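K.L.:
So I've got this file, query.txt, and it contains compact mmCIF, C-alpha atoms:
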```txt
# COMPACT_ATOMS: atom_id res chain seq x y z
CA MET J 1 -9.19 32.47 -39.59
CA LEU J 2 -5.68 31.11 -40.02
CA GLU J 3 -4.98 30.66 -36.31
CA ALA J 4 -5.49 26.90 -36.75
CA LEU J 5 -2.42 26.95 -38.99
CA GLY J 6 -0.37 28.67 -36.32
CA LEU J 7 -0.64 32.23 -37.55
CA ASP J 8 -1.31 34.93 -34.98
CA PRO J 9 -4.00 37.49 -35.91
CA HIS J 10 -1.49 40.28 -36.59
CA VAL J 11 0.62 37.93 -38.73
CA GLU J 12 -2.45 36.95 -40.75
CA SER J 13 -3.27 40.66 -41.19
CA VAL J 14 0.21 41.33 -42.53
CA TYR J 15 -0.09 38.38 -44.92
CA ARG J 16 -3.46 39.61 -46.21
CA GLY J 17 -2.04 43.12 -46.56
CA MET J 18 0.90 41.84 -48.58
CA LEU J 19 -1.42 39.84 -50.84
CA VAL J 20 -3.47 42.97 -51.58
CA GLU J 21 -0.62 45.46 -51.95
CA PRO J 22 2.98 44.26 -51.71
CA SER J 23 4.50 47.64 -52.55
CA GLY J 24 5.27 50.26 -50.00
CA GLY J 25 7.36 50.25 -46.88
CA VAL J 26 6.83 48.98 -43.35
CA ALA J 27 5.35 52.28 -42.16
CA GLU J 28 2.82 52.41 -44.97
CA LEU J 29 1.82 48.77 -44.44
CA ALA J 30 1.44 49.30 -40.69
CA ALA J 31 -0.75 52.34 -41.28
CA ARG J 32 -2.99 50.44 -43.70
CA LEU J 33 -3.40 47.54 -41.25
CA SER J 34 -3.73 49.72 -38.10
CA LEU J 35 -0.75 47.91 -36.56
CA THR J 36 2.37 49.23 -34.93
CA GLU J 37 5.57 49.09 -36.94
CA ALA J 38 6.94 46.58 -34.42
CA GLU J 39 3.97 44.29 -34.95
CA THR J 40 4.29 44.67 -38.69
CA ARG J 41 8.00 43.85 -38.70
CA ASP J 42 7.37 40.85 -36.48
CA GLY J 43 4.63 39.68 -38.83
CA LEU J 44 6.90 40.04 -41.85
CA ASP J 45 9.68 38.09 -40.12
CA GLN J 46 7.35 35.25 -39.24
CA LEU J 47 5.92 35.13 -42.76
CA VAL J 48 9.42 34.89 -44.20
CA ASP J 49 10.23 32.03 -41.82
CA LEU J 50 7.03 30.30 -42.88
CA GLU J 51 7.98 30.89 -46.55
CA LEU J 52 4.74 32.80 -47.10
CA LEU J 53 6.85 35.77 -48.19
CA ARG J 54 9.79 35.64 -50.54
CA PRO J 55 12.06 38.17 -52.28
CA SER J 56 10.30 40.09 -54.98
CA ARG J 57 11.64 40.07 -58.52
CA ASP J 58 9.77 43.24 -59.38
CA LEU J 59 10.77 45.26 -56.32
CA PRO J 60 14.49 45.01 -55.57
CA GLY J 61 14.96 44.50 -51.82
CA GLY J 62 11.22 44.04 -51.35
CA LEU J 63 9.03 41.07 -50.58
CA CYS J 64 6.03 39.51 -52.24
CA ALA J 65 3.42 37.17 -50.84
CA VAL J 66 3.25 33.56 -51.95
CA THR J 67 -0.22 32.63 -53.20
CA PRO J 68 -2.44 31.02 -50.53
CA GLU J 69 -2.77 27.84 -52.59
CA LEU J 70 0.97 27.29 -52.52
CA GLY J 71 1.89 28.88 -49.23
CA LEU J 72 -0.81 27.32 -47.09
CA GLU J 73 -0.16 23.96 -48.71
CA VAL J 74 3.43 24.21 -47.52
CA ILE J 75 2.27 24.98 -43.96
CA LEU J 76 -0.20 22.09 -43.97
CA ARG J 77 2.46 19.70 -45.24
CA ARG J 78 4.83 20.81 -42.48
CA GLN J 79 2.13 20.29 -39.87
CA GLU J 80 1.38 16.83 -41.24
CA GLU J 81 5.07 15.98 -41.06
CA GLU J 82 5.19 17.26 -37.48
CA VAL J 83 2.13 15.19 -36.53
CA ALA J 84 3.67 12.10 -38.11
CA ARG J 85 6.94 12.73 -36.25
CA ARG J 86 5.11 13.10 -32.93
CA GLN J 87 3.11 9.93 -33.60
CA GLN J 88 6.34 8.05 -34.17
CA GLU J 89 7.78 9.46 -30.95
CA LEU J 90 4.59 8.51 -29.10
CA ALA J 91 4.75 4.96 -30.48
CA ARG J 92 8.39 4.66 -29.39
CA SER J 93 7.50 6.03 -25.94
CA LYS J 94 4.65 3.55 -25.57
CA ALA J 95 6.94 0.67 -26.54
CA ALA J 96 9.59 1.82 -24.07
CA ALA J 97 6.99 2.23 -21.30
CA ALA J 98 5.60 -1.25 -21.96
CA GLN J 99 9.10 -2.70 -21.72
CA VAL J 100 9.78 -0.91 -18.44
CA VAL J 101 6.45 -2.07 -16.98
CA ALA J 102 7.18 -5.66 -18.03
CA GLU J 103 10.66 -5.55 -16.47
CA TYR J 104 9.44 -3.84 -13.28
CA ALA J 105 6.61 -6.34 -12.82
CA THR J 106 9.19 -9.06 -12.16
CA LEU J 107 10.99 -6.92 -9.58
CA ARG J 108 8.37 -5.01 -7.64
CA PRO J 109 7.28 -6.67 -4.39
CA ASN J 110 3.55 -5.96 -4.30
CA THR J 111 2.61 -8.24 -7.16
CA GLU J 112 0.47 -11.34 -7.40
CA SER J 113 1.75 -14.69 -8.64
CA GLU J 114 -0.07 -18.03 -8.62
CA GLY J 115 -2.67 -16.94 -6.09
CA ALA J 116 -0.16 -15.35 -3.70
CA GLU J 117 0.60 -11.66 -3.26
CA ARG J 118 3.75 -10.44 -1.53
CA LEU J 119 3.19 -7.15 0.28
CA VAL J 120 6.22 -5.16 1.41
CA GLY J 121 5.89 -2.29 3.84
CA MET J 122 3.12 -1.17 6.16
CA ASP J 123 1.47 1.03 3.53
CA ALA J 124 0.98 -1.91 1.17
CA ILE J 125 -0.29 -4.13 3.98
CA GLN J 126 -2.74 -1.49 5.23
CA ALA J 127 -4.08 -0.90 1.72
CA ARG J 128 -4.65 -4.62 1.19
CA LEU J 129 -6.28 -4.98 4.62
CA GLU J 130 -8.69 -2.15 3.83
CA GLN J 131 -9.66 -3.81 0.56
CA LEU J 132 -10.10 -7.26 2.11
CA THR J 133 -12.14 -5.88 5.00
CA CYS J 134 -14.40 -3.91 2.66
CA ASP J 135 -15.00 -7.10 0.64
CA LEU J 136 -15.84 -9.15 3.76
CA SER J 137 -19.28 -10.72 3.72
CA GLU J 138 -19.32 -13.54 6.30
CA GLU J 139 -16.40 -14.06 8.67
CA CYS J 140 -13.02 -12.71 9.74
CA LEU J 141 -10.65 -14.79 11.88
CA ALA J 142 -7.54 -13.38 13.57
CA LEU J 143 -4.63 -14.56 15.70
CA ILE J 144 -2.81 -11.55 17.18
CA PRO J 145 0.35 -12.38 19.14
CA GLY J 146 2.66 -10.11 21.02
CA GLY J 147 0.53 -8.86 23.85
CA ALA J 148 0.28 -5.07 23.79
CA GLN J 149 -0.72 -3.63 20.42
CA SER J 150 0.54 -0.23 19.31
CA ASP J 151 -1.71 2.83 19.27
CA ALA J 152 -1.24 3.11 15.50
CA SER J 153 -2.27 -0.50 14.96
CA ARG J 154 -5.43 -0.14 17.06
CA GLU J 155 -6.46 3.13 15.43
CA ALA J 156 -5.93 1.71 11.94
CA SER J 157 -8.01 -1.37 12.80
CA ARG J 158 -10.92 0.34 14.57
CA PRO J 159 -12.78 1.78 11.52
CA LEU J 160 -12.27 -1.45 9.57
CA ASP J 161 -13.55 -3.60 12.45
CA ARG J 162 -16.50 -1.29 13.09
CA SER J 163 -17.53 -1.34 9.44
CA ALA J 164 -17.33 -5.13 9.18
CA LEU J 165 -19.29 -5.72 12.38
CA ALA J 166 -21.94 -3.22 11.30
CA ARG J 167 -22.47 -5.31 8.15
CA GLY J 168 -23.08 -8.42 10.23
CA VAL J 169 -19.68 -10.02 9.63
CA ARG J 170 -18.76 -12.56 12.32
CA MET J 171 -15.39 -11.77 13.88
CA ARG J 172 -13.37 -14.15 16.03
CA THR J 173 -10.08 -12.91 17.44
CA VAL J 174 -7.51 -14.59 19.67
CA TYR J 175 -5.09 -12.36 21.56
CA GLN J 176 -2.23 -13.45 23.75
CA ASN J 177 -2.96 -13.66 27.48
CA SER J 178 -0.60 -10.80 28.15
CA VAL J 179 -3.07 -8.29 26.66
CA ARG J 180 -4.89 -8.57 29.97
CA ASN J 181 -1.97 -6.66 31.48
CA HIS J 182 -2.08 -3.83 28.92
CA PRO J 183 -5.00 -1.50 29.65
CA ALA J 184 -5.24 0.09 26.19
CA THR J 185 -5.16 -3.19 24.28
CA LEU J 186 -7.52 -4.81 26.78
CA ALA J 187 -9.93 -1.89 26.35
CA TYR J 188 -9.84 -2.37 22.60
CA ALA J 189 -10.53 -6.09 22.95
CA ARG J 190 -13.49 -5.32 25.21
CA TRP J 191 -14.73 -2.75 22.70
CA LEU J 192 -14.68 -5.48 20.07
CA THR J 193 -16.85 -7.74 22.24
CA ASP J 194 -19.24 -4.87 22.93
CA GLU J 195 -19.59 -4.38 19.18
CA GLY J 196 -20.45 -8.05 18.69
CA ALA J 197 -17.10 -9.73 18.06
CA GLU J 198 -15.92 -12.87 19.88
CA VAL J 199 -12.57 -12.53 21.62
CA ARG J 200 -10.43 -15.11 23.39
CA THR J 201 -6.91 -15.26 24.75
CA SER J 202 -4.21 -17.90 24.63
CA PRO J 203 -0.93 -18.26 26.55
CA VAL J 204 1.14 -18.49 23.37
CA LEU J 205 0.55 -17.44 19.78
CA LEU J 206 3.39 -18.16 17.40
CA SER J 207 2.46 -15.89 14.50
CA ARG J 208 -0.06 -13.32 13.34
CA LEU J 209 -2.79 -14.66 11.09
CA LEU J 210 -5.83 -13.14 9.37
CA ILE J 211 -8.37 -15.13 7.36
CA PHE J 212 -11.12 -13.44 5.34
CA ASP J 213 -14.31 -15.34 4.44
CA ARG J 214 -12.38 -18.62 4.70
CA SER J 215 -10.87 -17.95 1.27
CA VAL J 216 -8.03 -15.43 1.72
CA ALA J 217 -5.29 -15.57 4.35
CA LEU J 218 -2.71 -12.98 5.37
CA VAL J 219 0.45 -14.02 7.25
CA PRO J 220 3.68 -12.12 7.97
CA ILE J 221 6.74 -12.79 5.84
CA SER J 222 8.79 -12.84 9.05
CA PRO J 223 7.06 -14.05 12.24
CA ASP J 224 9.55 -12.02 14.28
CA ASN J 225 8.78 -8.72 12.54
CA SER J 226 5.37 -8.24 10.95
CA ARG J 227 6.38 -4.77 9.72
CA LEU J 228 8.69 -6.28 7.09
CA GLY J 229 5.80 -7.44 4.96
CA ALA J 230 3.10 -10.02 4.51
CA LEU J 231 1.99 -12.80 2.20
CA CYS J 232 -1.61 -12.75 1.01
CA THR J 233 -2.70 -16.12 -0.38
CA GLN J 234 -5.87 -17.57 -1.87
CA SER J 235 -4.41 -21.05 -2.36
CA PRO J 236 -7.16 -23.44 -1.13
CA GLY J 237 -4.68 -25.90 0.39
CA ILE J 238 -2.79 -23.26 2.35
CA VAL J 239 -5.95 -21.49 3.49
CA ALA J 240 -7.46 -24.82 4.66
CA SER J 241 -4.36 -25.58 6.74
CA LEU J 242 -4.41 -22.13 8.31
CA LEU J 243 -8.12 -22.49 9.07
CA ALA J 244 -7.42 -25.77 10.90
CA LEU J 245 -4.67 -24.03 12.88
CA PHE J 246 -6.98 -21.20 13.86
CA GLU J 247 -9.77 -23.56 15.00
CA GLN J 248 -7.29 -25.54 17.08
CA VAL J 249 -6.03 -22.39 18.81
CA TRP J 250 -9.60 -21.08 19.22
CA ASP J 251 -10.80 -24.26 20.94
CA ALA J 252 -7.89 -24.14 23.39
CA SER J 253 -8.30 -20.45 24.21
CA VAL J 254 -10.22 -18.76 27.01
CA PRO J 255 -13.01 -16.20 26.41
CA LEU J 256 -11.94 -12.68 27.24
CA GLY J 257 -14.54 -12.25 29.98
CA ALA J 258 -13.69 -15.52 31.73
CA ASP J 259 -11.42 -15.62 34.75
CA HIS J 260 -8.09 -17.39 34.38
CA VAL J 261 -8.56 -20.92 35.56
CA VAL J 262 -5.94 -22.77 37.56
CA GLU J 263 -5.22 -26.39 36.81
CA PRO J 264 -6.52 -28.27 39.90
CA ALA J 265 -3.82 -30.95 39.75
CA THR J 266 -0.90 -28.52 39.64
CA GLY J 267 -2.27 -25.20 40.86
CA LEU J 268 -0.66 -23.56 37.83
CA SER J 269 -2.21 -21.08 35.44
CA PRO J 270 -1.95 -21.77 31.70
CA VAL J 271 0.76 -19.11 31.39
CA GLU J 272 2.80 -20.65 34.21
CA GLN J 273 2.51 -24.10 32.67
CA ARG J 274 3.63 -22.79 29.31
CA LEU J 275 6.53 -20.86 30.84
CA LEU J 276 7.80 -23.99 32.58
CA LYS J 277 7.69 -25.96 29.34
CA LEU J 278 9.49 -23.23 27.41
CA LEU J 279 12.29 -22.92 29.94
CA ALA J 280 12.57 -26.69 30.34
CA SER J 281 13.12 -26.94 26.58
CA GLY J 282 16.20 -24.77 26.96
CA MET J 283 14.67 -21.47 25.88
CA THR J 284 16.19 -18.35 27.41
CA ASP J 285 14.20 -15.83 29.43
CA GLU J 286 14.44 -13.37 26.53
CA ALA J 287 13.09 -15.88 24.00
CA ALA J 288 10.35 -16.99 26.40
CA SER J 289 9.22 -13.39 26.94
CA LYS J 290 8.86 -12.91 23.17
CA ARG J 291 6.96 -16.18 22.80
CA LEU J 292 4.58 -15.28 25.63
CA GLY J 293 4.22 -11.66 24.57
CA THR J 294 5.29 -10.37 27.97
CA SER J 295 8.20 -8.35 29.25
CA LEU J 296 11.47 -9.92 30.31
CA ARG J 297 10.85 -8.61 33.84
CA THR J 298 7.48 -10.41 33.98
CA VAL J 299 9.02 -13.72 32.86
CA ARG J 300 11.76 -13.48 35.48
CA ARG J 301 9.23 -12.57 38.18
CA GLN J 302 7.01 -15.51 37.26
CA MET J 303 9.96 -17.88 37.14
CA ALA J 304 11.19 -16.70 40.53
CA ALA J 305 7.73 -17.39 41.97
CA LEU J 306 7.69 -20.89 40.44
CA MET J 307 11.15 -21.69 41.84
CA GLU J 308 9.97 -20.56 45.25
CA ARG J 309 6.90 -22.84 45.06
CA LEU J 310 9.11 -25.73 43.97
CA ASP J 311 11.67 -24.93 46.68
CA ALA J 312 14.38 -24.96 44.03
CA THR J 313 17.61 -22.98 44.03
CA SER J 314 18.38 -23.31 40.31
CA ARG J 315 16.59 -23.63 37.02
CA PHE J 316 17.86 -27.17 36.62
CA GLU J 317 16.53 -28.19 40.03
CA ALA J 318 13.22 -26.47 39.28
CA GLY J 319 12.93 -28.47 36.08
CA LEU J 320 13.58 -31.75 37.88
CA LYS J 321 11.06 -31.04 40.64
CA ALA J 322 8.46 -29.83 38.15
CA ALA J 323 8.85 -33.07 36.21
CA GLN J 324 8.60 -35.14 39.41
CA ARG J 325 5.33 -33.40 40.28
CA GLY J 326 3.95 -33.97 36.79
CA TRP J 327 3.92 -30.28 35.93
CA LEU J 328 5.72 -30.83 32.62
```
Once you've parsed the file, please lay out its structure as structure tokens.
P.N.:
Amino acid sequence: MLEALGLDPHVESVYRGMLVEPSGGVAELAARLSLTEAETRDGLDQLVDLELLRPSRDLPGGLCAVTPELGLEVILRRQEEEVARRQQELARSKAAAAQVVAEYATLRPNTESEGAERLVGMDAIQARLEQLTCDLSEECLALIPGGAQSDASREASRPLDRSALARGVRMRTVYQNSVRNHPATLAYARWLTDEGAEVRTSPVLLSRLLIFDRSVALVPISPDNSRLGALCTQSPGIVASLLALFEQVWDASVPLGADHVVEPATGLSPVEQRLLKLLASGMTDEAASKRLGTSLRTVRRQMAALMERLDATSRFEAGLKAAQRGWL
């Protein structure tokens, strides 16, 4: 009955026994209560600590029980004081936690401010992509530079793309031309078209871009390393500018299933034309390979072929002859 006050059953039995008959020793009390002497001694010790037993004036060296009205009132008052103390500690903890959260909110990267959300790390980016894709209702636009896409990137994108296409979302994606030389990425692009997406390729894509329902855009914080993080923005002005950029690139791109056309006037493919312009601007082979999403070996092979066609022995001479022929 008194367990709610923190008294174990054997302690309560000892207390009741002492209220009925305080005289007698430990052995006699234990026998009356059907307890062991150890349990009885433990009960007496706890009752003394709780001030439910006190030294008896009638029995020298003995104990007497405090009346329930007084003794239990003392226990209840102690419990109330303990509850009040814990409530104060809880209030202080809540205040401290609120202060920490407020301070951390200004420091943590994955927070939203004025319609823009800065996402740091691939986990944060993937989580946001999953949410945005699940919320898609009309259209998803994507510019994906860099040529070959990693296995991890393709596998993370596949279920999201499949789900969106199954809901009737229109998807338009522009890859770099160099994906045509990477079997796995090319297979994924063809899978997208088989599922109903529209896919094109372009000689050069400067940066990755994703636009969801023409209202939310996702761009990398660093164009050179998309793994560092991304910026997710809903700012109408920024999204409108990025939409215009996408449409411009889309109109100039070639459908995935179309053959590469050669410019009749020059006999150059779009990639060759772009390579000439990049190198003529002073860009190194390494920088040109990154811009075109191809390997350094491919750039050097293509440039060697162009120099041979121009009958040039140096880059400088190739640039002059290309300009004379109207190739630049």
K.L.:
Excluding same-chain residues fewer than 3 positions from region 53-60 of chain J, what lies within 10 Å of it counting only C-alpha atoms, as a PyMOL selection string?
P.N.:
chain J and resi 15+18-19+22-24+44-50+63-67+71
K.L.:
Distance CA of Arg297 (chain J)-CA of Ile221 (chain J), one decimal place?
P.N.:
28.6 Å
K.L.:
May I ask which of the residues J:Ala280, J:Val174, J:Ala164, J:Ala127 is the closest one to Val204 (chain J), counting only C-alpha atoms?
P.N.:
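Smallest separation from Val204 (chain J) among the options: J:Val174.
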K.L.:
For Arg227 (chain J), which residue out of J:Ser153, J:Ala187, J:Ser137, J:Glu51 is the nearest one, using only C-alpha atoms?
P.N.:
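Among the listed residues, J:Ser153 lies closest to Arg227 (chain J).
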K.L.:
For the point (-5.7, -9.6, 4.0) in the file's frame, write as a list in words all residues with an atom no more than 10 Å away, counting only C-alpha atoms.
P.N.:
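The distance filter leaves exactly Glu117, Leu119, Ile125, Gln126, Ala127, Arg128, Leu129, Glu130, Gln131, Leu132, Thr133, Cys140, Leu209, Leu210, Ile211, Phe212, Val216, Ala217, Leu218, Val219, Ala230, Leu231, Cys232, Thr233 and Gln234 of chain J.
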K.L.:
Please report the interatomic distance between CA of Ser150 (chain J) and CA of Ala189 (chain J) in Å with one decimal.
P.N.:
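Spanning CA of Ser150 (chain J) to CA of Ala189 (chain J) is a straight-line distance of 13.0 Å.
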K.L.:
Extract, using all atoms listed in the file, all DNA, RNA and protein residues at most 12 Å from Glu247 (chain J), discarding same-chain residues fewer than 4 positions from it, and format them as a PyMOL selection string.
P.N.:
chain J and resi 141-143+172-174+200+209+211+214+240-243+251-253
K.L.:
Under the rule that only C-alpha atoms are counted, which of J:Glu317, J:Glu82, J:Asp285, J:Glu272 is the nearest residue to Gln302 (chain J)?
P.N.:
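The answer is J:Glu272, which sits nearest to Gln302 (chain J).
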K.L.:
Can you measure CA of Ser289 (chain J) to CA of Lys277 (chain J) for me? One decimal in Å is fine.
P.N.:
12.9 Å
K.L.:
Of the residues J:Ser157, J:Ser93, J:Gln149, J:Thr40, which is the one nearest to Ser13 (chain J), using all atoms listed in the file?
P.N.:
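With all atoms listed in the file as the atom set, the closest residue is J:Thr40.
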K.L.:
Near Leu278 (chain J), counting all atoms listed in the file, which residues have an atom at most 12 Å away, once you skip same-chain residues fewer than 6 positions from it, shown as number ranges by chain?
P.N.:
J: 203-204, 271-272, 284-292, 299, 303, 315, 319, 328
K.L.:
From the list J:Leu192, J:Ala91, J:Leu206, J:Ala27, which residue is nearest Gly147 (chain J) when using only C-alpha atoms?
P.N.:
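Of J:Leu192, J:Ala91, J:Leu206, J:Ala27, the one nearest Gly147 (chain J) is J:Leu206, counting only C-alpha atoms.
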